[in-house]
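Colleague: protein_17.txt is reproduced in full below (compact mmCIF, C-alpha atoms and all ligand atoms).
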# COMPACT_ATOMS: atom_id res chain seq x y z
CA MET A 1 -151.42 45.48 -118.97
CA ILE A 2 -154.84 46.58 -117.70
CA LYS A 3 -155.55 49.74 -119.59
CA PHE A 4 -157.62 52.57 -118.20
CA LEU A 5 -159.21 53.09 -121.60
CA ASP A 6 -158.92 50.90 -124.69
CA LEU A 7 -161.00 51.88 -127.68
CA SER A 8 -159.43 49.42 -130.12
CA LYS A 9 -161.14 46.35 -128.68
CA GLN A 10 -164.54 48.03 -128.96
CA TYR A 11 -163.88 49.17 -132.54
CA LEU A 12 -162.95 45.62 -133.58
CA SER A 13 -166.19 44.30 -132.08
CA ILE A 14 -168.29 46.60 -134.33
CA LYS A 15 -165.80 47.06 -137.20
CA ALA A 16 -168.01 45.90 -140.06
CA ASP A 17 -170.84 48.31 -139.17
CA ILE A 18 -168.51 51.23 -138.47
CA ASP A 19 -166.55 50.75 -141.67
CA LEU A 20 -169.76 50.61 -143.68
CA ALA A 21 -171.09 53.75 -142.00
CA ILE A 22 -167.83 55.59 -142.76
CA SER A 23 -167.63 54.46 -146.38
CA THR A 24 -171.25 55.51 -146.93
CA VAL A 25 -170.40 59.03 -145.78
CA LEU A 26 -167.33 59.07 -148.01
CA SER A 27 -169.29 58.09 -151.09
CA ASP A 28 -172.17 60.50 -150.31
CA THR A 29 -169.65 63.34 -149.70
CA ASN A 30 -172.25 65.22 -147.65
CA PHE A 31 -169.78 65.93 -144.89
CA VAL A 32 -171.53 68.62 -142.85
CA SER A 33 -175.23 68.06 -143.30
CA GLY A 34 -175.77 64.41 -144.10
CA TYR A 35 -179.04 62.67 -143.24
CA GLN A 36 -177.18 60.75 -140.50
CA ILE A 37 -177.16 63.92 -138.38
CA GLN A 38 -180.95 64.23 -138.21
CA ASN A 39 -181.25 60.48 -137.69
CA PHE A 40 -178.83 60.53 -134.82
CA GLN A 41 -180.48 63.59 -133.23
CA ASP A 42 -183.85 61.81 -133.39
CA GLU A 43 -182.47 58.57 -131.98
CA PHE A 44 -180.49 60.25 -129.24
CA ALA A 45 -183.48 62.41 -128.21
CA SER A 46 -185.56 59.28 -127.96
CA TYR A 47 -182.77 57.43 -126.08
CA VAL A 48 -182.64 60.15 -123.42
CA GLN A 49 -186.45 60.56 -123.51
CA SER A 50 -186.12 64.24 -124.34
CA LYS A 51 -188.13 66.12 -126.95
CA TYR A 52 -185.27 67.85 -128.77
CA CYS A 53 -181.64 67.11 -129.50
CA LEU A 54 -179.22 69.41 -131.30
CA CYS A 55 -175.78 68.05 -132.12
CA VAL A 56 -172.86 70.47 -131.97
CA ALA A 57 -169.09 70.29 -132.38
CA ASN A 58 -168.21 69.13 -128.84
CA GLY A 59 -169.48 69.00 -125.26
CA THR A 60 -167.87 72.31 -124.32
CA ASP A 61 -169.64 74.15 -127.15
CA ALA A 62 -172.85 72.43 -126.07
CA LEU A 63 -172.51 74.00 -122.61
CA GLU A 64 -171.64 77.41 -124.00
CA ILE A 65 -174.52 77.43 -126.48
CA ALA A 66 -176.97 76.11 -123.88
CA ILE A 67 -175.99 78.93 -121.51
CA GLN A 68 -176.28 81.51 -124.28
CA GLY A 69 -179.63 80.00 -125.23
CA LEU A 70 -180.99 80.72 -121.76
CA ARG A 71 -180.52 84.47 -122.36
CA LEU A 72 -179.62 85.32 -118.79
CA PRO A 73 -178.90 88.94 -117.84
CA PRO A 74 -175.26 89.87 -118.63
CA SER A 75 -172.74 89.11 -115.85
CA SER A 76 -175.04 86.74 -113.98
CA ASP A 77 -173.54 84.56 -111.26
CA ILE A 78 -173.65 80.88 -112.21
CA ILE A 79 -172.89 78.13 -109.71
CA VAL A 80 -170.44 75.42 -110.83
CA PRO A 81 -169.28 72.39 -108.79
CA ALA A 82 -165.64 72.75 -107.73
CA ASN A 83 -164.92 69.16 -108.70
CA SER A 84 -165.54 68.89 -112.43
CA PHE A 85 -163.79 69.24 -115.75
CA ILE A 86 -162.92 72.82 -116.71
CA SER A 87 -165.52 72.90 -119.53
CA SER A 88 -168.24 73.34 -116.91
CA SER A 89 -166.74 76.66 -115.79
CA GLU A 90 -165.18 77.81 -119.10
CA ALA A 91 -168.64 77.94 -120.61
CA VAL A 92 -169.77 80.39 -117.93
CA THR A 93 -166.96 82.89 -118.46
CA ARG A 94 -167.04 82.64 -122.22
CA GLN A 95 -170.68 83.74 -122.14
CA GLY A 96 -169.79 86.79 -120.06
CA HIS A 97 -171.06 85.40 -116.75
CA ASN A 98 -169.35 84.92 -113.39
CA ILE A 99 -168.34 81.56 -111.93
CA VAL A 100 -169.20 80.80 -108.31
CA PHE A 101 -167.67 77.48 -107.26
CA ALA A 102 -169.72 75.26 -104.97
CA ASP A 103 -168.08 72.80 -102.62
CA VAL A 104 -168.99 69.12 -102.72
CA ASP A 105 -170.07 66.32 -100.44
CA PRO A 106 -167.26 63.94 -99.39
CA GLN A 107 -169.37 60.86 -100.22
CA THR A 108 -170.91 61.78 -103.56
CA TYR A 109 -168.25 64.30 -104.70
CA ASN A 110 -171.18 66.39 -105.82
CA VAL A 111 -172.89 69.59 -104.71
CA THR A 112 -175.54 69.53 -101.98
CA GLU A 113 -178.38 71.79 -100.96
CA ALA A 114 -176.10 73.35 -98.31
CA THR A 115 -173.11 73.92 -100.58
CA ILE A 116 -175.40 75.54 -103.17
CA ARG A 117 -177.05 77.73 -100.56
CA ALA A 118 -173.63 78.97 -99.47
CA CYS A 119 -173.03 80.28 -103.02
CA ILE A 120 -176.24 82.23 -103.53
CA THR A 121 -175.88 85.96 -104.21
CA PRO A 122 -178.56 88.46 -105.32
CA ASN A 123 -177.09 87.97 -108.81
CA THR A 124 -177.26 84.15 -108.98
CA LYS A 125 -179.30 83.16 -112.02
CA ALA A 126 -178.31 79.60 -112.87
CA ILE A 127 -176.52 76.45 -111.79
CA ILE A 128 -174.62 73.85 -113.75
CA ILE A 129 -175.20 70.47 -112.19
CA VAL A 130 -172.79 67.74 -113.22
CA HIS A 131 -173.70 64.06 -113.08
CA LEU A 132 -170.12 63.43 -112.12
CA PHE A 133 -168.59 60.03 -112.95
CA GLY A 134 -171.99 58.99 -114.37
CA ARG A 135 -173.81 59.06 -111.03
CA PRO A 136 -177.00 61.11 -111.18
CA CYS A 137 -176.67 63.97 -108.72
CA ASP A 138 -179.05 64.15 -105.73
CA PHE A 139 -181.51 66.20 -107.73
CA ASP A 140 -184.54 66.17 -105.42
CA SER A 141 -182.46 67.44 -102.54
CA ILE A 142 -181.14 70.42 -104.50
CA LEU A 143 -184.33 71.28 -106.37
CA PRO A 144 -185.93 73.28 -103.51
CA VAL A 145 -183.01 75.73 -103.28
CA CYS A 146 -182.95 76.10 -107.08
CA ARG A 147 -186.69 76.85 -107.02
CA GLU A 148 -186.41 79.22 -104.09
CA PHE A 149 -183.95 81.40 -106.02
CA SER A 150 -185.46 80.75 -109.49
CA LEU A 151 -182.21 79.32 -110.81
CA LYS A 152 -182.09 77.99 -114.34
CA ILE A 153 -180.68 74.47 -114.29
CA ILE A 154 -178.16 73.28 -116.86
CA GLU A 155 -177.27 69.59 -116.59
CA ASP A 156 -173.78 68.67 -117.70
CA CYS A 157 -174.32 65.04 -118.71
CA ALA A 158 -170.92 64.61 -120.40
CA GLN A 159 -170.15 61.62 -118.16
CA ALA A 160 -173.67 60.30 -117.77
CA HIS A 161 -175.03 58.78 -121.01
CA GLY A 162 -177.20 55.91 -119.81
CA ALA A 163 -177.79 57.25 -116.28
CA TYR A 164 -181.32 57.35 -114.85
CA TYR A 165 -182.66 59.31 -111.95
CA LYS A 166 -185.90 58.04 -110.39
CA GLY A 167 -187.17 56.65 -113.67
CA SER A 168 -186.08 59.40 -116.04
CA HIS A 169 -182.93 59.60 -118.07
CA VAL A 170 -180.59 62.38 -116.99
CA GLY A 171 -181.01 65.35 -119.29
CA ASN A 172 -184.67 65.88 -118.37
CA LEU A 173 -184.23 67.21 -114.87
CA GLY A 174 -183.46 70.86 -115.59
CA ASP A 175 -184.04 73.46 -118.30
CA VAL A 176 -181.41 72.21 -120.71
CA ALA A 177 -178.75 69.49 -120.74
CA THR A 178 -175.53 68.86 -122.57
CA PHE A 179 -173.64 65.73 -123.59
CA SER A 180 -170.13 65.15 -124.90
CA PHE A 181 -169.24 62.45 -127.40
CA TYR A 182 -165.50 62.82 -126.86
CA PRO A 183 -163.99 59.42 -127.81
CA GLY A 184 -163.41 58.29 -124.22
CA LYS A 185 -166.96 59.04 -122.98
CA ASN A 186 -169.54 56.27 -122.49
CA LEU A 187 -170.85 57.09 -125.96
CA GLY A 188 -167.84 58.35 -127.86
CA ALA A 189 -167.41 59.49 -131.46
CA TYR A 190 -164.16 59.06 -133.41
CA GLY A 191 -163.30 62.70 -132.92
CA ASP A 192 -165.09 65.59 -131.21
CA ALA A 193 -168.88 65.92 -130.98
CA GLY A 194 -171.50 67.00 -128.47
CA ALA A 195 -175.22 67.55 -128.02
CA ILE A 196 -177.76 69.80 -126.34
CA VAL A 197 -181.05 68.25 -125.26
CA THR A 198 -184.11 70.03 -123.95
CA ASN A 199 -187.87 69.74 -123.73
CA SER A 200 -188.35 73.39 -124.68
CA SER A 201 -188.95 74.07 -128.37
CA ASP A 202 -188.12 77.73 -127.88
CA LEU A 203 -184.73 77.00 -126.32
CA PHE A 204 -183.98 74.31 -128.91
CA ASN A 205 -184.74 76.66 -131.81
CA TYR A 206 -182.64 79.44 -130.36
CA CYS A 207 -179.67 77.12 -129.70
CA ARG A 208 -179.97 75.79 -133.25
CA LEU A 209 -179.85 79.33 -134.57
CA ILE A 210 -176.74 80.15 -132.50
CA ALA A 211 -174.91 76.99 -133.57
CA ASN A 212 -175.45 77.61 -137.27
CA HIS A 213 -174.40 81.25 -137.80
CA GLY A 214 -177.80 82.59 -136.73
CA ARG A 215 -179.17 81.71 -140.15
CA ILE A 216 -182.73 80.92 -141.16
CA GLU A 217 -181.73 80.55 -144.81
CA LYS A 218 -178.33 80.05 -146.37
CA TYR A 219 -177.38 83.75 -146.39
CA ASN A 220 -180.11 85.22 -144.20
CA HIS A 221 -178.73 85.61 -140.67
CA VAL A 222 -181.18 86.90 -138.06
CA ILE A 223 -178.61 87.03 -135.28
CA GLU A 224 -174.85 86.75 -135.14
CA GLY A 225 -174.23 83.13 -134.26
CA ARG A 226 -171.24 80.85 -134.57
CA ASN A 227 -170.23 77.62 -136.25
CA SER A 228 -170.63 74.58 -134.04
CA ARG A 229 -171.81 71.59 -136.03
CA ILE A 230 -171.30 67.86 -135.80
CA ASP A 231 -169.64 66.17 -138.81
CA THR A 232 -171.75 63.69 -140.73
CA LEU A 233 -168.97 61.15 -140.17
CA GLN A 234 -169.30 61.44 -136.38
CA ALA A 235 -173.09 61.21 -136.52
CA ALA A 236 -172.83 58.08 -138.67
CA ILE A 237 -170.42 56.50 -136.19
CA LEU A 238 -172.60 57.49 -133.23
CA LEU A 239 -175.66 55.96 -134.88
CA VAL A 240 -173.85 52.60 -134.97
CA LYS A 241 -172.53 52.94 -131.42
CA LEU A 242 -175.82 54.08 -129.84
CA LYS A 243 -177.30 50.63 -130.55
CA HIS A 244 -174.68 49.10 -128.25
CA LEU A 245 -174.76 51.69 -125.50
CA ASP A 246 -177.14 49.91 -123.13
CA LYS A 247 -175.07 46.75 -123.34
CA TRP A 248 -171.88 48.71 -122.60
CA ILE A 249 -173.53 50.50 -119.68
CA SER A 250 -174.67 47.20 -118.25
CA ILE A 251 -171.11 45.82 -118.50
CA ARG A 252 -169.91 48.91 -116.61
CA ASN A 253 -172.59 48.33 -113.97
CA SER A 254 -171.76 44.70 -113.47
CA LEU A 255 -168.01 45.42 -113.19
CA ALA A 256 -168.83 48.20 -110.71
CA SER A 257 -170.95 45.85 -108.58
CA GLN A 258 -168.07 43.41 -108.57
CA TYR A 259 -165.65 46.16 -107.47
CA ILE A 260 -168.01 47.27 -104.69
CA TYR A 261 -168.52 43.72 -103.47
CA GLU A 262 -164.85 42.71 -103.60
CA LEU A 263 -163.50 46.01 -102.28
CA SER A 264 -165.84 46.02 -99.28
CA SER A 265 -163.51 43.75 -97.33
CA VAL A 266 -160.38 45.61 -98.49
CA LEU A 267 -161.10 49.32 -98.09
CA PRO A 268 -162.98 51.12 -95.34
CA TYR A 269 -164.28 53.46 -98.04
CA GLN A 270 -168.08 53.63 -98.45
CA PHE A 271 -169.60 53.95 -101.91
CA PRO A 272 -172.52 56.36 -102.16
CA SER A 273 -175.83 54.56 -102.57
CA LEU A 274 -178.32 55.19 -105.37
CA TYR A 275 -182.02 56.01 -105.21
CA PRO A 276 -184.68 53.53 -106.28
CA ASP A 277 -185.35 53.31 -110.01
CA SER A 278 -182.03 55.00 -110.79
CA GLN A 279 -178.94 53.92 -112.65
CA HIS A 280 -175.31 54.96 -112.42
CA ALA A 281 -173.63 55.08 -115.83
CA TYR A 282 -170.19 54.34 -114.32
CA HIS A 283 -168.23 56.44 -116.76
CA LEU A 284 -165.64 56.39 -113.98
CA PHE A 285 -165.20 54.16 -110.96
CA VAL A 286 -163.71 56.32 -108.26
CA ILE A 287 -162.37 55.34 -104.86
CA SER A 288 -160.79 57.47 -102.19
CA HIS A 289 -157.54 56.50 -100.47
CA PRO A 290 -155.40 58.39 -97.93
CA LYS A 291 -152.21 57.17 -99.67
CA ARG A 292 -153.56 57.74 -103.16
CA ASP A 293 -150.24 58.57 -104.83
CA SER A 294 -148.37 55.54 -103.50
CA LEU A 295 -151.32 53.26 -104.30
CA ARG A 296 -151.36 54.68 -107.81
CA SER A 297 -147.62 54.04 -108.35
CA TYR A 298 -147.96 50.55 -106.89
CA LEU A 299 -150.79 49.72 -109.30
CA ALA A 300 -148.78 51.20 -112.19
CA SER A 301 -145.77 49.05 -111.27
CA LEU A 302 -148.05 46.02 -111.62
CA ASN A 303 -149.35 47.19 -115.00
CA ILE A 304 -152.65 48.66 -113.87
CA GLN A 305 -153.39 52.09 -115.32
CA THR A 306 -155.50 54.49 -113.29
CA GLY A 307 -156.68 58.10 -113.59
CA ILE A 308 -157.49 61.03 -111.32
CA HIS A 309 -160.67 63.05 -111.83
CA TYR A 310 -159.56 65.62 -110.99
CA PRO A 311 -156.09 66.17 -109.50
CA ILE A 312 -156.72 69.90 -108.92
CA SER A 313 -160.14 71.23 -107.97
CA LEU A 314 -161.37 73.93 -110.35
CA SER A 315 -161.20 76.62 -107.69
CA CYS A 316 -157.49 75.84 -107.13
CA LEU A 317 -156.47 75.95 -110.79
CA PRO A 318 -154.01 78.67 -111.84
CA ALA A 319 -156.64 79.71 -114.40
CA TYR A 320 -158.98 80.68 -111.54
CA GLU A 321 -156.51 82.20 -109.13
CA TYR A 322 -158.03 85.58 -109.98
CA LEU A 323 -161.38 84.48 -108.56
CA ASP A 324 -159.81 83.77 -105.17
CA GLN A 325 -162.48 81.21 -104.25
CA SER A 326 -160.37 78.22 -103.23
CA GLN A 327 -160.95 78.82 -99.51
CA TYR A 328 -164.68 78.18 -100.03
CA THR A 329 -164.22 74.65 -101.42
CA PRO A 330 -162.22 72.80 -98.74
CA VAL A 331 -163.86 69.41 -99.34
CA ALA A 332 -163.26 69.45 -103.09
CA ASN A 333 -159.67 70.57 -102.50
CA ARG A 334 -159.02 67.76 -100.02
CA LEU A 335 -160.68 65.11 -102.19
CA SER A 336 -158.48 66.00 -105.13
CA HIS A 337 -155.56 64.52 -103.19
CA ASN A 338 -157.33 61.25 -102.32
CA ILE A 339 -159.45 60.24 -105.28
CA LEU A 340 -158.38 57.56 -107.71
CA SER A 341 -160.23 56.32 -110.79
CA LEU A 342 -159.86 52.58 -111.36
CA PRO A 343 -160.20 51.05 -114.83
CA ILE A 344 -163.77 50.35 -115.92
CA GLY A 345 -165.39 49.78 -119.30
CA ASP A 346 -166.37 47.19 -121.86
CA HIS A 347 -162.68 46.47 -122.62
CA LEU A 348 -162.44 44.69 -119.25
CA VAL A 349 -163.62 41.32 -117.95
CA PRO A 350 -164.44 40.22 -114.37
CA ALA A 351 -160.98 38.62 -113.97
CA ASP A 352 -159.39 42.05 -114.53
CA ILE A 353 -161.44 43.53 -111.69
CA SER A 354 -160.46 40.66 -109.36
CA TYR A 355 -156.80 41.21 -110.25
CA ILE A 356 -157.09 44.94 -109.53
CA VAL A 357 -158.79 44.31 -106.18
CA GLU A 358 -156.18 41.68 -105.23
CA THR A 359 -153.46 44.16 -106.09
CA ILE A 360 -155.07 46.85 -103.90
CA ASN A 361 -155.35 44.22 -101.18
CA SER A 362 -151.64 43.40 -101.41
CA PHE A 363 -150.84 47.13 -101.24
CA GLU A 364 -152.92 47.37 -98.04
CA LYS A 365 -151.03 44.45 -96.50
CA ALA A 366 -147.56 45.60 -97.54
C1 LIG A 401 -165.75 65.69 -121.16
C2 LIG A 401 -166.47 66.69 -120.37
C3 LIG A 401 -166.92 67.90 -120.93
C4 LIG A 401 -166.49 68.42 -122.27
O1 LIG A 401 -166.70 67.70 -123.36
P1 LIG A 401 -165.85 67.93 -124.70
O2 LIG A 401 -166.65 67.19 -125.70
O3 LIG A 401 -164.49 67.35 -124.48
O4 LIG A 401 -165.79 69.38 -124.99
C5 LIG A 401 -167.70 68.74 -120.15
N1 LIG A 401 -168.01 68.43 -118.88
C6 LIG A 401 -167.58 67.30 -118.29
C7 LIG A 401 -167.99 67.01 -116.90
C8 LIG A 401 -166.79 66.39 -119.01
O5 LIG A 401 -166.37 65.27 -118.42
Is it possible to express this structure as structure tokens?
Ligand SMILES: *Cc1c(COP(=O)(O)O)cnc(C)c1O

Modeller:
Amino acid sequence: MIKFLDLSKQYLSIKADIDLAISTVLSDTNFVSGYQIQNFQDEFASYVQSKYCLCVANGTDALEIAIQGLRLPPSSDIIVPANSFISSSEAVTRQGHNIVFADVDPQTYNVTEATIRACITPNTKAIIIVHLFGRPCDFDSILPVCREFSLKIIEDCAQAHGAYYKGSHVGNLGDVATFSFYPGKNLGAYGDAGAIVTNSSDLFNYCRLIANHGRIEKYNHVIEGRNSRIDTLQAAILLVKLKHLDKWISIRNSLASQYIYELSSVLPYQFPSLYPDSQHAYHLFVISHPKRDSLRSYLASLNIQTGIHYPISLSCLPAYEYLDQSQYTPVANRLSHNILSLPIGDHLVPADISYIVETINSFEKA
């Protein structure tokens, strides 16, 4: 069986360090404000080359708090890519703003200057850019339109730990960025966790206030905030795992290169290229196929698990029927029927990739 995700193999490879980190937290019993939290925030900030890192309870809270931290006028329009996970748009509505879904490019599955421009209203104040699948979005091509309309830029880096864009780690391109440490992400905790990173001390301090009940002292609350903290246990686990992240990202990259090389003679599909001095984090390896569903069943029948990210574009979800925007995102809607995520990750070896490609090849010939 080639699993889409297998966290047990990775745990066994770092078991001694993880178990020690966990037992240290258990004996310290400092479950919500252990020293591991500050240590991890410092190390993660330095890993992503950002000045400040605030850990929160999960990646969705990170987005919500980052948006709140920007203090936009109430009911602002915020642009969200139509092909993403629902967190990207939930965060907008939960902060009292309006979602405007942007269509995507058929090659990169991401927004473009033109699809952003088509969404601009007099009320547009911000955009959430998503480094979807771990591929840094085409930032330089969308920056001019963001500047022209003074849009605040929130980077959703939930899938992009380890990704670089023209020499800088993602998370430094806009005003504020968010990460998720959901267990299946490139850097995953053993439960929920997330982070906000920024180079603005003002934004960092305000987000920190929001995430901790608006308090400056134990019972002195200067604003009404909320509770969104990372557990010490998760920070301790992430500290161990961060040391291995670059190695895991490079495994993902080498498996992806193998896929691209071996698939080039099998599928007509073109993989989007990268810019110089940039790195894809390959959280997901996504292909597009006109007979996606039958290919997926065929692979499953030969014990190859796959995923779909995402089977329904955000604008077509029942949750967003009320927005009535699906007609503006035809490319995202069409892609949702053709995209297929093949297994990738440090649980796999090159022979697995060759087997998957051979199986796709036999499907093509059948
Ligand atoms: C996983 C994910 C999130 C949410 O992260 P959680 O930690 O699960 O809340 C947000 N955006 C994208 C693009 C994601 O893939």

Colleague: With the cut-off set at 8 Å and counting all atoms listed in the file, tabulate each residue of chain A with an atom at most that distance from an atom of ligand LIG 401 (chain A), showing the nearest atom pair and its distance in Å to one decimal, ordered by chain and increasing number, as a tab-separated table.

Modeller:
residue	atom	partner	partner_atom	distance
A:Ala57	CA	A:LIG401	O2	7.8
A:Asn58	CA	A:LIG401	O2	4.0
A:Gly59	CA	A:LIG401	O2	3.4
A:Thr60	CA	A:LIG401	O4	3.7
A:Asp61	CA	A:LIG401	O4	6.5
A:Ala62	CA	A:LIG401	O4	7.8
A:Leu63	CA	A:LIG401	C5	7.5
A:Ser84	CA	A:LIG401	C7	5.4
A:Phe85	CA	A:LIG401	C7	4.9
A:Ile86	CA	A:LIG401	N1	7.1
A:Ser87	CA	A:LIG401	C5	4.7
A:Ser88	CA	A:LIG401	N1	5.3
A:Val130	CA	A:LIG401	C7	6.1
A:His131	CA	A:LIG401	C7	7.5
A:Leu132	CA	A:LIG401	C7	6.3
A:Phe133	CA	A:LIG401	O5	7.9
A:Asp156	CA	A:LIG401	N1	5.9
A:Cys157	CA	A:LIG401	C7	6.9
A:Ala158	CA	A:LIG401	C8	4.7
A:Gln159	CA	A:LIG401	O5	5.3
A:Phe179	CA	A:LIG401	O1	7.2
A:Ser180	CA	A:LIG401	O2	4.1
A:Phe181	CA	A:LIG401	O2	5.7
A:Tyr182	CA	A:LIG401	O2	4.7
A:Lys185	CA	A:LIG401	C1	7.0
A:Asp192	CA	A:LIG401	O2	5.9
A:Ala193	CA	A:LIG401	O2	5.9
A:Gly194	CA	A:LIG401	O2	5.6

Colleague: Mind pulling up the distance from CA of Gln68 in chain A to CA of Arg94 in chain A?

Modeller: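 Between CA of Arg94 in chain A and CA of Gln68 in chain A the gap works out to 9.5 Å.
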
Colleague: Using all atoms listed in the file, collect all residues at a distance of at most 10 Å from (-180.7, 60.4, -131.0) as written in the file, then present them as a ChimeraX atom specification.

Modeller: /A:37-50,52-55,195,197,235,238-239,242

Colleague: Pick from A:Val240, A:Ala163, A:Val176, A:Val357: nearest to Tyr282 in chain A, with all atoms listed in the file counted?

Modeller: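 So, comparing all the options, the nearest one is A:Ala163.
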
Colleague: Find the residues around Val331 in chain A up to 9 Å (all atoms listed in the file counted), leave out those fewer than 4 positions away in its own chain, and share them as a VMD selection string.

Modeller: chain A and resid 103 to 106 109 335 to 336

Colleague: Could you pull the residues within 9 Å of Thr112 in chain A, counting all atoms listed in the file, minus those fewer than 3 positions along the same chain, as a list in words?

Modeller: Ala102, Asp103, Val104, Asp105, Thr115, Ile116, Arg117, Cys137, Asp138, Phe139, Ser141 and Ile142 of chain A

Colleague: For the atom pair CA of Asn338 in chain A and CA of Ile312 in chain A, what is the interatomic distance in Å to one decimal place?

Modeller: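 These atoms are spaced 10.9 Å apart.
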
Colleague: Write out as a ChimeraX atom specification the residues lying within 6 Å of range 200-217 of chain A, counting all atoms listed in the file and excluding same-chain residues fewer than 5 positions away.

Modeller: /A:69,222-228

Colleague: Ranking A:Val286, A:Ile2, A:Ala66, A:Ile249 by minimum distance to Val349 in chain A and counting only C-alpha atoms, which one comes first?

Modeller: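 Distance minimum relative to Val349 in chain A lands on A:Ile2.
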
Colleague: List as a compact mmCIF listing (two decimals) with C-alpha atoms, in the coordinates of the input the protein and nucleic acid residues near Glu364 in chain A, meaning an atom at most 10 Å away when all atoms listed in the file are counted, but skip any in the same chain fewer than 6 places from it.

Modeller:
# COMPACT_ATOMS: atom_id res chain seq x y z
CA VAL A 266 -160.38 45.61 -98.49
CA LEU A 267 -161.10 49.32 -98.09
CA LYS A 291 -152.21 57.17 -99.67
CA LEU A 295 -151.32 53.26 -104.30
CA GLU A 358 -156.18 41.68 -105.23

Colleague: Find the spatial neighbours of range 17-21 of chain A, counting all atoms listed in the file, within a cut-off of 9 Å - ignore same-chain residues fewer than 5 positions away - and output them as a VMD selection string.

Modeller: chain A and resid 11 26 233 236 to 237 239 to 241

Colleague: Which distance in Å separates CA of Lys247 in chain A and CA of Ala351 in chain A, to one decimal?

Modeller: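 Answer for the CA of Lys247 in chain A to CA of Ala351 in chain A separation: 18.8 Å.
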
Colleague: Would you mind completing range 222-233 of chain A so that it carries N, CA, C and O atoms, and writing it out as a JSON list (two decimals), in the frame of the given file?

Modeller:
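The new file part15.json reads:
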[["chain", "number", "residue", "atom", "x", "y", "z"],
["A", 222, "VAL", "N", -180.36, 86.03, -138.90],
["A", 222, "VAL", "CA", -181.18, 86.90, -138.06],
["A", 222, "VAL", "C", -180.47, 87.35, -136.79],
["A", 222, "VAL", "O", -180.83, 88.36, -136.20],
["A", 223, "ILE", "N", -179.49, 86.57, -136.36],
["A", 223, "ILE", "CA", -178.61, 87.03, -135.28],
["A", 223, "ILE", "C", -177.20, 86.64, -135.68],
["A", 223, "ILE", "O", -176.99, 85.87, -136.61],
["A", 224, "GLU", "N", -176.22, 87.18, -134.94],
["A", 224, "GLU", "CA", -174.85, 86.75, -135.14],
["A", 224, "GLU", "C", -174.67, 85.48, -134.32],
["A", 224, "GLU", "O", -174.81, 85.50, -133.10],
["A", 225, "GLY", "N", -174.40, 84.40, -134.97],
["A", 225, "GLY", "CA", -174.23, 83.13, -134.26],
["A", 225, "GLY", "C", -172.79, 82.69, -134.29],
["A", 225, "GLY", "O", -171.88, 83.49, -134.13],
["A", 226, "ARG", "N", -172.59, 81.42, -134.52],
["A", 226, "ARG", "CA", -171.24, 80.85, -134.57],
["A", 226, "ARG", "C", -171.34, 79.55, -135.35],
["A", 226, "ARG", "O", -172.43, 79.14, -135.74],
["A", 227, "ASN", "N", -170.21, 78.91, -135.56],
["A", 227, "ASN", "CA", -170.23, 77.62, -136.25],
["A", 227, "ASN", "C", -169.90, 76.53, -135.25],
["A", 227, "ASN", "O", -168.78, 76.42, -134.78],
["A", 228, "SER", "N", -170.89, 75.73, -134.89],
["A", 228, "SER", "CA", -170.63, 74.58, -134.04],
["A", 228, "SER", "C", -171.52, 73.44, -134.51],
["A", 228, "SER", "O", -172.64, 73.29, -134.05],
["A", 229, "ARG", "N", -171.02, 72.68, -135.47],
["A", 229, "ARG", "CA", -171.81, 71.59, -136.03],
["A", 229, "ARG", "C", -171.12, 70.26, -135.80],
["A", 229, "ARG", "O", -169.91, 70.22, -135.59],
["A", 230, "ILE", "N", -171.88, 69.20, -135.86],
["A", 230, "ILE", "CA", -171.30, 67.86, -135.80],
["A", 230, "ILE", "C", -171.01, 67.44, -137.25],
["A", 230, "ILE", "O", -171.75, 67.79, -138.17],
["A", 231, "ASP", "N", -169.92, 66.73, -137.48],
["A", 231, "ASP", "CA", -169.64, 66.17, -138.81],
["A", 231, "ASP", "C", -170.56, 65.00, -139.09],
["A", 231, "ASP", "O", -170.89, 64.24, -138.18],
["A", 232, "THR", "N", -170.93, 64.84, -140.34],
["A", 232, "THR", "CA", -171.75, 63.69, -140.73],
["A", 232, "THR", "C", -171.07, 62.37, -140.33],
["A", 232, "THR", "O", -171.71, 61.43, -139.86],
["A", 233, "LEU", "N", -169.74, 62.35, -140.50],
["A", 233, "LEU", "CA", -168.97, 61.15, -140.17],
["A", 233, "LEU", "C", -169.17, 60.75, -138.70],
["A", 233, "LEU", "O", -169.37, 59.58, -138.39]]
